[in-house]
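Have a look at structure04.csv; it's CSV, C-alpha atoms:
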```csv
chain,number,residue,atom,x,y,z
M,292,MET,CA,0.6,-91.6,-62.9
M,293,GLN,CA,-2.2,-89.2,-62.1
M,294,ASN,CA,-4.6,-91.9,-61.1
M,295,GLU,CA,-2.1,-93.7,-58.8
M,296,PRO,CA,-3.4,-93.7,-55.2
M,297,LYS,CA,-1.6,-91.5,-52.7
M,298,PRO,CA,0.7,-93.4,-50.3
M,299,GLY,CA,-1.2,-91.9,-47.3
M,300,GLU,CA,-0.2,-90.8,-43.8
M,301,ILE,CA,-0.6,-91.8,-40.2
M,302,LEU,CA,-1.6,-88.6,-38.3
M,303,LEU,CA,-1.7,-88.1,-34.5
M,304,LEU,CA,-4.6,-85.9,-33.6
M,305,ASP,CA,-5.2,-84.4,-30.1
M,306,LYS,CA,-9.0,-84.6,-30.1
M,307,PRO,CA,-10.6,-81.7,-28.3
M,308,ILE,CA,-13.4,-82.2,-25.7
M,309,GLY,CA,-16.9,-82.1,-27.1
M,310,TRP,CA,-16.1,-83.5,-30.5
M,311,SER,CA,-17.0,-87.0,-31.5
M,312,SER,CA,-14.3,-89.1,-33.1
M,313,PHE,CA,-16.3,-89.0,-36.4
M,314,GLN,CA,-16.5,-85.2,-36.2
M,315,ALA,CA,-12.7,-84.9,-35.7
M,316,LEU,CA,-12.1,-87.3,-38.6
M,317,LYS,CA,-14.5,-85.5,-40.9
M,318,LYS,CA,-12.9,-82.1,-40.1
M,319,LEU,CA,-9.4,-83.4,-40.7
M,320,LYS,CA,-10.3,-85.2,-43.9
M,321,TYR,CA,-11.8,-82.0,-45.3
M,322,THR,CA,-8.9,-79.8,-44.2
M,323,ILE,CA,-6.2,-82.0,-45.8
M,324,LYS,CA,-8.4,-82.9,-48.8
M,325,ALA,CA,-8.0,-86.6,-48.2
M,326,LYS,CA,-10.2,-88.9,-50.4
M,327,LYS,CA,-10.0,-91.7,-47.9
M,328,ALA,CA,-9.5,-91.6,-44.1
M,329,GLY,CA,-10.3,-93.6,-41.0
M,330,HIS,CA,-9.5,-93.4,-37.3
M,331,ALA,CA,-7.9,-96.2,-35.3
M,332,GLY,CA,-10.1,-96.4,-32.1
M,333,THR,CA,-13.0,-94.3,-31.0
M,334,LEU,CA,-12.7,-91.7,-28.2
M,335,ASP,CA,-15.9,-90.5,-26.4
M,336,PRO,CA,-17.0,-86.9,-27.1
M,337,LEU,CA,-16.0,-85.9,-23.5
M,338,ALA,CA,-12.6,-87.6,-23.7
M,339,THR,CA,-9.5,-85.8,-25.1
M,340,GLY,CA,-6.2,-87.0,-26.5
M,341,LEU,CA,-4.7,-89.3,-29.0
M,342,LEU,CA,-6.8,-90.1,-32.0
M,343,ILE,CA,-4.8,-91.8,-34.8
M,344,VAL,CA,-6.1,-91.0,-38.3
M,345,CYS,CA,-4.9,-93.0,-41.3
M,346,THR,CA,-5.3,-91.6,-44.8
M,347,GLU,CA,-5.4,-93.1,-48.3
M,348,ARG,CA,-3.4,-96.4,-48.5
M,349,SER,CA,-2.4,-96.1,-44.9
M,350,THR,CA,-6.0,-97.0,-43.9
M,351,LYS,CA,-4.9,-100.6,-44.4
M,352,LYS,CA,-2.9,-100.2,-41.1
M,353,ILE,CA,-6.0,-99.2,-39.0
M,354,SER,CA,-6.7,-102.7,-37.7
M,355,VAL,CA,-3.1,-103.3,-36.7
M,356,ILE,CA,-3.0,-100.0,-34.7
M,357,GLN,CA,-6.4,-100.6,-33.2
M,358,ASN,CA,-5.3,-103.9,-31.7
M,359,GLN,CA,-2.4,-102.4,-29.7
M,360,GLU,CA,-2.5,-101.5,-26.0
M,361,LYS,CA,-3.7,-98.1,-25.0
M,362,THR,CA,-2.8,-95.7,-22.1
M,363,TYR,CA,-5.3,-93.3,-20.5
M,364,THR,CA,-5.2,-90.8,-17.6
M,365,GLY,CA,-8.4,-89.5,-15.9
M,366,THR,CA,-10.3,-88.6,-12.8
M,367,ILE,CA,-13.0,-90.6,-11.0
M,368,PHE,CA,-15.4,-88.7,-8.9
M,369,LEU,CA,-16.5,-90.9,-6.0
M,370,GLY,CA,-19.9,-90.8,-4.2
M,371,ALA,CA,-22.0,-89.8,-7.3
M,372,ALA,CA,-23.0,-91.8,-10.4
M,373,THR,CA,-24.5,-91.0,-13.8
M,374,ALA,CA,-26.2,-93.3,-16.3
M,375,SER,CA,-23.4,-92.7,-18.9
M,376,GLY,CA,-20.5,-93.1,-16.4
M,377,ASP,CA,-19.2,-89.6,-17.2
M,378,LEU,CA,-20.5,-86.0,-17.4
M,379,GLU,CA,-22.8,-86.6,-20.4
M,380,GLU,CA,-25.7,-87.4,-18.1
M,381,GLU,CA,-26.9,-85.9,-14.8
M,382,ILE,CA,-26.1,-87.5,-11.4
M,383,ASN,CA,-28.8,-90.1,-10.7
M,384,GLU,CA,-27.3,-91.8,-7.6
M,385,ARG,CA,-25.3,-90.9,-4.6
M,386,ALA,CA,-23.5,-93.0,-1.9
M,387,GLU,CA,-21.3,-92.6,1.1
M,388,ILE,CA,-17.5,-92.3,0.8
M,389,SER,CA,-16.4,-91.5,4.4
M,390,HIS,CA,-15.4,-95.2,4.9
M,391,ILE,CA,-12.8,-95.1,2.0
M,392,THR,CA,-9.1,-94.7,2.9
M,393,GLU,CA,-6.3,-93.8,0.6
M,394,GLU,CA,-4.6,-97.1,1.5
M,395,GLN,CA,-7.7,-99.0,0.4
M,396,ILE,CA,-7.8,-97.0,-2.9
M,397,HIS,CA,-4.2,-97.9,-3.8
M,398,LYS,CA,-4.7,-101.6,-2.7
M,399,GLU,CA,-7.9,-102.1,-4.7
M,400,THR,CA,-6.1,-101.3,-8.0
M,401,LEU,CA,-4.3,-104.7,-7.7
M,402,ASN,CA,-7.7,-106.5,-8.0
M,403,PHE,CA,-8.1,-105.0,-11.5
M,404,LEU,CA,-4.9,-106.2,-13.0
M,405,GLY,CA,-4.9,-109.0,-15.6
M,406,ASP,CA,-8.0,-110.4,-17.4
M,407,VAL,CA,-11.1,-108.5,-16.2
M,408,GLU,CA,-14.8,-109.0,-17.1
M,409,GLN,CA,-16.5,-105.8,-18.2
M,410,ILE,CA,-20.1,-104.9,-19.3
M,411,PRO,CA,-19.7,-102.0,-21.8
M,412,PRO,CA,-21.8,-98.9,-21.0
M,413,ALA,CA,-25.1,-98.5,-22.8
M,414,PHE,CA,-23.8,-95.0,-23.9
M,415,SER,CA,-21.2,-96.5,-26.3
M,416,ALA,CA,-20.6,-96.8,-30.0
M,417,ILE,CA,-21.3,-100.6,-30.0
M,418,LYS,CA,-23.9,-101.6,-32.6
M,419,ILE,CA,-27.0,-103.4,-31.5
M,420,ASN,CA,-29.2,-104.7,-34.3
M,421,GLY,CA,-27.6,-102.1,-36.6
M,422,GLN,CA,-28.0,-99.2,-34.3
M,423,ARG,CA,-25.5,-97.5,-32.0
M,424,ALA,CA,-26.1,-98.3,-28.4
M,425,TYR,CA,-25.7,-94.7,-27.4
M,426,ALA,CA,-28.5,-93.7,-29.8
M,427,LEU,CA,-30.8,-96.2,-28.2
M,428,ALA,CA,-29.8,-95.2,-24.6
M,429,ARG,CA,-30.3,-91.5,-25.4
M,430,SER,CA,-33.8,-92.2,-26.7
M,431,GLY,CA,-34.7,-93.8,-23.3
M,432,GLN,CA,-34.7,-97.4,-24.5
M,433,GLU,CA,-33.4,-100.3,-22.4
M,434,VAL,CA,-30.1,-101.5,-23.7
M,435,GLU,CA,-28.7,-104.9,-22.8
M,436,MET,CA,-24.9,-105.1,-23.2
M,437,LYS,CA,-22.9,-108.4,-23.2
M,438,LYS,CA,-20.0,-109.0,-21.0
M,439,ARG,CA,-16.5,-109.0,-22.5
M,440,VAL,CA,-13.0,-109.9,-21.1
M,441,ILE,CA,-10.4,-107.2,-21.4
M,442,HIS,CA,-6.9,-107.0,-20.0
M,443,ILE,CA,-5.4,-104.4,-17.6
M,444,TYR,CA,-1.6,-104.3,-17.8
M,445,ASP,CA,-1.1,-101.5,-15.3
M,446,PHE,CA,-3.4,-99.4,-13.1
M,447,LYS,CA,-2.1,-96.8,-10.7
M,448,ILE,CA,-3.6,-93.9,-8.7
M,449,THR,CA,-1.6,-90.7,-9.2
M,450,ARG,CA,-3.6,-88.4,-6.9
M,451,VAL,CA,-6.1,-88.7,-4.1
M,452,ALA,CA,-8.1,-85.6,-3.2
M,453,MET,CA,-11.5,-87.0,-2.1
M,454,PRO,CA,-14.0,-87.2,-3.6
M,455,GLU,CA,-11.7,-87.1,-6.7
M,456,ILE,CA,-9.0,-89.7,-7.5
M,457,ASP,CA,-6.7,-89.4,-10.6
M,458,PHE,CA,-5.4,-92.5,-12.3
M,459,GLU,CA,-3.3,-93.8,-15.2
M,460,VAL,CA,-4.2,-97.1,-16.8
M,461,ARG,CA,-2.6,-99.2,-19.6
M,462,CYS,CA,-5.1,-101.7,-21.1
M,463,SER,CA,-6.0,-103.8,-24.1
M,464,LYS,CA,-8.2,-103.0,-27.0
M,465,GLY,CA,-11.9,-102.9,-26.1
M,466,THR,CA,-11.5,-101.6,-22.6
M,467,TYR,CA,-14.1,-99.0,-21.5
M,468,ILE,CA,-12.5,-96.7,-19.0
M,469,ARG,CA,-16.0,-95.3,-17.9
M,470,THR,CA,-16.9,-98.9,-16.9
M,471,LEU,CA,-13.5,-99.3,-15.2
M,472,GLY,CA,-14.3,-96.1,-13.2
M,473,MET,CA,-17.7,-97.3,-12.2
M,474,ASP,CA,-16.5,-100.8,-11.3
M,475,PHE,CA,-13.6,-99.4,-9.3
M,476,ALA,CA,-16.0,-97.2,-7.3
M,477,ARG,CA,-18.3,-100.2,-6.6
M,478,ALA,CA,-15.2,-102.2,-5.4
M,479,LEU,CA,-14.6,-99.4,-2.9
M,480,GLY,CA,-18.2,-99.7,-1.6
M,481,THR,CA,-19.6,-96.6,-3.3
M,482,VAL,CA,-20.5,-95.3,-6.8
M,483,GLY,CA,-18.6,-93.1,-9.2
M,484,HIS,CA,-18.2,-91.5,-12.6
M,485,LEU,CA,-15.5,-90.0,-14.7
M,486,THR,CA,-15.0,-86.2,-14.8
M,487,ALA,CA,-12.0,-86.3,-17.1
M,488,LEU,CA,-10.5,-88.8,-19.5
M,489,ARG,CA,-7.5,-88.5,-21.8
M,490,ARG,CA,-5.8,-91.0,-24.1
M,491,THR,CA,-2.1,-90.5,-24.1
M,492,LYS,CA,-0.7,-93.5,-26.0
M,493,ILE,CA,-1.6,-96.3,-28.5
M,494,GLY,CA,1.1,-98.9,-28.8
M,495,GLU,CA,4.4,-97.3,-29.7
```
So that I can check it, write out the structure of this file as structure tokens.
Amino acid sequence: MQNEPKPGEILLLDKPIGWSSFQALKKLKYTIKAKKAGHAGTLDPLATGLLIVCTERSTKKISVIQNQEKTYTGTIFLGAATASGDLEEEINERAEISHITEEQIHKETLNFLGDVEQIPPAFSAIKINGQRAYALARSGQEVEMKKRVIHIYDFKITRVAMPEIDFEVRCSKGTYIRTLGMDFARALGTVGHLTALRRTKIGE
């Protein structure tokens, strides 16, 4: 019976800011002495919140968990953009925001519901010719990302305190919230980037 694999667990980790998902997984795996572990969906280093870790035989459930819808909260800073779409990179573009009304902000969310085309950010974990896109982008290389269709189930603004707007979004697997923030800012006639992002829910 000694060699029988452990049944495994599904652990809900509140990932701290500044850690990559891999660092959090590695730390947890070492702490609980798991032989096998994997996470069900990457969170950016500057994002916090729910990272689901499956261990031992429970790693078979990773793909099922990954495919479920996800909920995020965050803050978009309007009028300033960065190459990464968040605080990882310095501001490289500024634009006017005086024309934007609170009514317009709430109304514009309706145009982002349903199937939406997105171009993932170059600063992402997507592999291009065997290399992570973010590694290529950080080294200064030009990275061409392909469009994908994602689904937004719900998108609401929870606070407007210009130039900041807080939001909550429920979306499909593969949605890049940094891209959503940048695209939403462009739809308002300006530029923007995320200053906070937290995943609060995956499926049930």
I need the residue nearest M:Asn402 from this list: M:Ile301, M:Val344, M:Ala478, M:Ala331. Use all atoms listed in the file for the distance.
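Of the candidates, the smallest distance to M:Asn402 is held by M:Ala478.
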Just want the 10 Å neighbourhood of M:Thr392, counted on all atoms listed in the file, with same-chain residues fewer than 5 positions away dropped. Output as a compact mmCIF listing (two decimals) with C-alpha atoms, keeping the file's coordinate frame.
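Saved as around02.txt:
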```
# COMPACT_ATOMS: atom_id res chain seq x y z
CA HIS M 397 -4.20 -97.90 -3.80
CA LYS M 398 -4.70 -101.60 -2.70
CA VAL M 451 -6.10 -88.70 -4.10
CA MET M 453 -11.50 -87.00 -2.10
CA LEU M 479 -14.60 -99.40 -2.90
```
Using only C-alpha atoms, which residue out of M:Glu495, M:Glu387, M:Asp377, M:Asp445 lies closest to M:Ala338?
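Using only C-alpha atoms, the shortest distance to M:Ala338 belongs to M:Asp377.
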Please compute the atom CA of M:Leu334-atom CA of M:Ser312 distance, one decimal, in Å.
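Rounded to one decimal, the two atoms are 5.8 Å apart.
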What is the atom CA of M:Ala315-atom CA of M:Ile353 distance in Å, reported with one decimal?
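Going from atom CA of M:Ala315 over to atom CA of M:Ile353 covers 16.1 Å.
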Excluding same-chain residues fewer than 4 positions from M:Ala371, what lies within 12 Å of it counting all atoms listed in the file, as a list in words?
Ile367, Gly376, Asp377, Leu378, Glu380, Glu381, Ile382, Asn383, Glu384, Arg385, Ala386, Glu387, Ile388, Pro454, Glu455, Gly472, Met473, Ala476, Arg477, Thr481, Val482, Gly483, His484, Leu485 and Thr486 of chain M
Got a sec: who's within 8 Å of M:Arg439, counting only C-alpha atoms, leaving out chain neighbours fewer than 3 positions off, as a list in words?
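Near neighbours after the sequence-gap exclusion: Glu408, Gln409, Ile410 and Pro411 of chain M.
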Keeping only C-alpha atoms, write those residues as a compact mmCIF listing (two decimals), in the coordinates of the input.
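The new file result19.txt reads:
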```txt
# COMPACT_ATOMS: atom_id res chain seq x y z
CA GLU M 408 -14.80 -109.00 -17.10
CA GLN M 409 -16.50 -105.80 -18.20
CA ILE M 410 -20.10 -104.90 -19.30
CA PRO M 411 -19.70 -102.00 -21.80
```
Interatomic distance between atom CA of M:Leu302 and atom CA of M:Val460?
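If I compute the distance from atom CA of M:Leu302 to atom CA of M:Val460, I get 23.3 Å.
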Please write as a list in words the list of polymer residues whose atoms come within 9 Å of (-4.3, -91.3, -45.6), counting all atoms listed in the file and keeping to the coordinates of the file.
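Counting all atoms listed in the file, I find these residues within 9 Å of (-4.3, -91.3, -45.6): Lys297, Pro298, Gly299, Glu300, Ile301, Leu302, Lys320, Ala325, Lys326, Lys327, Ala328, Gly329, Val344, Cys345, Thr346, Glu347, Arg348, Ser349 and Thr350 of chain M.
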Hey, what's within 12 Å of M:Asn358 if we count all atoms listed in the file and toss same-chain stuff fewer than 5 positions away? As an mmCIF file with C-alpha atoms, in the coordinates of the input, please?
```cif
data_model
loop_
_atom_site.group_PDB
_atom_site.id
_atom_site.type_symbol
_atom_site.label_atom_id
_atom_site.label_comp_id
_atom_site.auth_asym_id
_atom_site.auth_seq_id
_atom_site.Cartn_x
_atom_site.Cartn_y
_atom_site.Cartn_z
ATOM 1 C CA ALA M 331 -7.900 -96.200 -35.300
ATOM 2 C CA GLY M 332 -10.100 -96.400 -32.100
ATOM 3 C CA LYS M 352 -2.900 -100.200 -41.100
ATOM 4 C CA ILE M 353 -6.000 -99.200 -39.000
ATOM 5 C CA ILE M 441 -10.400 -107.200 -21.400
ATOM 6 C CA CYS M 462 -5.100 -101.700 -21.100
ATOM 7 C CA SER M 463 -6.000 -103.800 -24.100
ATOM 8 C CA LYS M 464 -8.200 -103.000 -27.000
ATOM 9 C CA GLY M 465 -11.900 -102.900 -26.100
ATOM 10 C CA THR M 466 -11.500 -101.600 -22.600
ATOM 11 C CA ILE M 493 -1.600 -96.300 -28.500
ATOM 12 C CA GLY M 494 1.100 -98.900 -28.800
ATOM 13 C CA GLU M 495 4.400 -97.300 -29.700
#
```
Nearest-residue call for M:Gln359, choices M:His442, M:Ser311, M:Ile391, M:Arg489, using all atoms listed in the file
M:His442
Nearby residues, (-8.8, -85.3, -29.6) file frame, 10 Å, only C-alpha atoms, as a PDB file with C-alpha atoms, in the coordinates of the input:
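Saved the output as out.pdb:
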```pdb
ATOM      1  CA  LEU M 303      -1.700 -88.100 -34.500  1.00  0.00           C
ATOM      2  CA  LEU M 304      -4.600 -85.900 -33.600  1.00  0.00           C
ATOM      3  CA  ASP M 305      -5.200 -84.400 -30.100  1.00  0.00           C
ATOM      4  CA  LYS M 306      -9.000 -84.600 -30.100  1.00  0.00           C
ATOM      5  CA  PRO M 307     -10.600 -81.700 -28.300  1.00  0.00           C
ATOM      6  CA  ILE M 308     -13.400 -82.200 -25.700  1.00  0.00           C
ATOM      7  CA  GLY M 309     -16.900 -82.100 -27.100  1.00  0.00           C
ATOM      8  CA  TRP M 310     -16.100 -83.500 -30.500  1.00  0.00           C
ATOM      9  CA  SER M 311     -17.000 -87.000 -31.500  1.00  0.00           C
ATOM     10  CA  SER M 312     -14.300 -89.100 -33.100  1.00  0.00           C
ATOM     11  CA  ALA M 315     -12.700 -84.900 -35.700  1.00  0.00           C
ATOM     12  CA  LEU M 316     -12.100 -87.300 -38.600  1.00  0.00           C
ATOM     13  CA  LEU M 334     -12.700 -91.700 -28.200  1.00  0.00           C
ATOM     14  CA  ASP M 335     -15.900 -90.500 -26.400  1.00  0.00           C
ATOM     15  CA  PRO M 336     -17.000 -86.900 -27.100  1.00  0.00           C
ATOM     16  CA  LEU M 337     -16.000 -85.900 -23.500  1.00  0.00           C
ATOM     17  CA  ALA M 338     -12.600 -87.600 -23.700  1.00  0.00           C
ATOM     18  CA  THR M 339      -9.500 -85.800 -25.100  1.00  0.00           C
ATOM     19  CA  GLY M 340      -6.200 -87.000 -26.500  1.00  0.00           C
ATOM     20  CA  LEU M 341      -4.700 -89.300 -29.000  1.00  0.00           C
ATOM     21  CA  LEU M 342      -6.800 -90.100 -32.000  1.00  0.00           C
ATOM     22  CA  ILE M 343      -4.800 -91.800 -34.800  1.00  0.00           C
ATOM     23  CA  ARG M 489      -7.500 -88.500 -21.800  1.00  0.00           C
ATOM     24  CA  ARG M 490      -5.800 -91.000 -24.100  1.00  0.00           C
TER      25      ARG M 490
END
```
Nearest to M:Phe475: which of M:Thr449, M:Gln395, M:Ser354, M:Thr491 is it, counting only C-alpha atoms?
M:Gln395
N, CA, C and O atoms are what I want for stretch 386-400 of chain M; can you complete it accordingly and write them as a compact mmCIF listing (two decimals), in the frame of the given file?
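Below you can see rebuild05.txt, which holds the result:
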```
# COMPACT_ATOMS: atom_id res chain seq x y z
N ALA M 386 -23.83 -91.99 -2.98
CA ALA M 386 -23.50 -93.00 -1.90
C ALA M 386 -22.38 -92.43 -1.05
O ALA M 386 -21.66 -91.50 -1.43
N GLU M 387 -22.25 -93.01 0.11
CA GLU M 387 -21.30 -92.60 1.10
C GLU M 387 -19.86 -92.88 0.71
O GLU M 387 -19.58 -93.89 0.05
N ILE M 388 -18.91 -92.02 1.08
CA ILE M 388 -17.50 -92.30 0.80
C ILE M 388 -16.60 -92.12 2.04
O ILE M 388 -15.39 -92.31 1.95
N SER M 389 -17.22 -91.81 3.19
CA SER M 389 -16.40 -91.50 4.40
C SER M 389 -15.63 -92.74 4.88
O SER M 389 -14.64 -92.59 5.60
N HIS M 390 -16.04 -93.94 4.48
CA HIS M 390 -15.40 -95.20 4.90
C HIS M 390 -14.10 -95.48 4.10
O HIS M 390 -13.32 -96.34 4.47
N ILE M 391 -13.90 -94.77 2.99
CA ILE M 391 -12.80 -95.10 2.00
C ILE M 391 -11.50 -94.44 2.48
O ILE M 391 -11.46 -93.23 2.69
N THR M 392 -10.45 -95.25 2.58
CA THR M 392 -9.10 -94.70 2.90
C THR M 392 -8.24 -94.67 1.71
O THR M 392 -8.47 -95.38 0.73
N GLU M 393 -7.20 -93.86 1.77
CA GLU M 393 -6.30 -93.80 0.60
C GLU M 393 -5.54 -95.09 0.44
O GLU M 393 -5.29 -95.51 -0.70
N GLU M 394 -5.23 -95.77 1.54
CA GLU M 394 -4.60 -97.10 1.50
C GLU M 394 -5.45 -98.07 0.71
O GLU M 394 -4.98 -98.83 -0.14
N GLN M 395 -6.75 -98.05 1.01
CA GLN M 395 -7.70 -99.00 0.40
C GLN M 395 -7.78 -98.68 -1.15
O GLN M 395 -7.84 -99.61 -1.95
N ILE M 396 -7.76 -97.41 -1.51
CA ILE M 396 -7.80 -97.00 -2.90
C ILE M 396 -6.65 -97.59 -3.69
O ILE M 396 -6.82 -98.20 -4.76
N HIS M 397 -5.44 -97.41 -3.16
CA HIS M 397 -4.20 -97.90 -3.80
C HIS M 397 -4.24 -99.46 -3.89
O HIS M 397 -3.88 -100.06 -4.91
N LYS M 398 -4.67 -100.09 -2.80
CA LYS M 398 -4.70 -101.60 -2.70
C LYS M 398 -5.67 -102.18 -3.69
O LYS M 398 -5.40 -103.23 -4.28
N GLU M 399 -6.81 -101.51 -3.87
CA GLU M 399 -7.90 -102.10 -4.70
C GLU M 399 -7.47 -102.15 -6.18
O GLU M 399 -7.98 -102.99 -6.94
N THR M 400 -6.54 -101.31 -6.62
CA THR M 400 -6.10 -101.30 -8.00
C THR M 400 -5.53 -102.71 -8.40
O THR M 400 -5.64 -103.15 -9.55
```
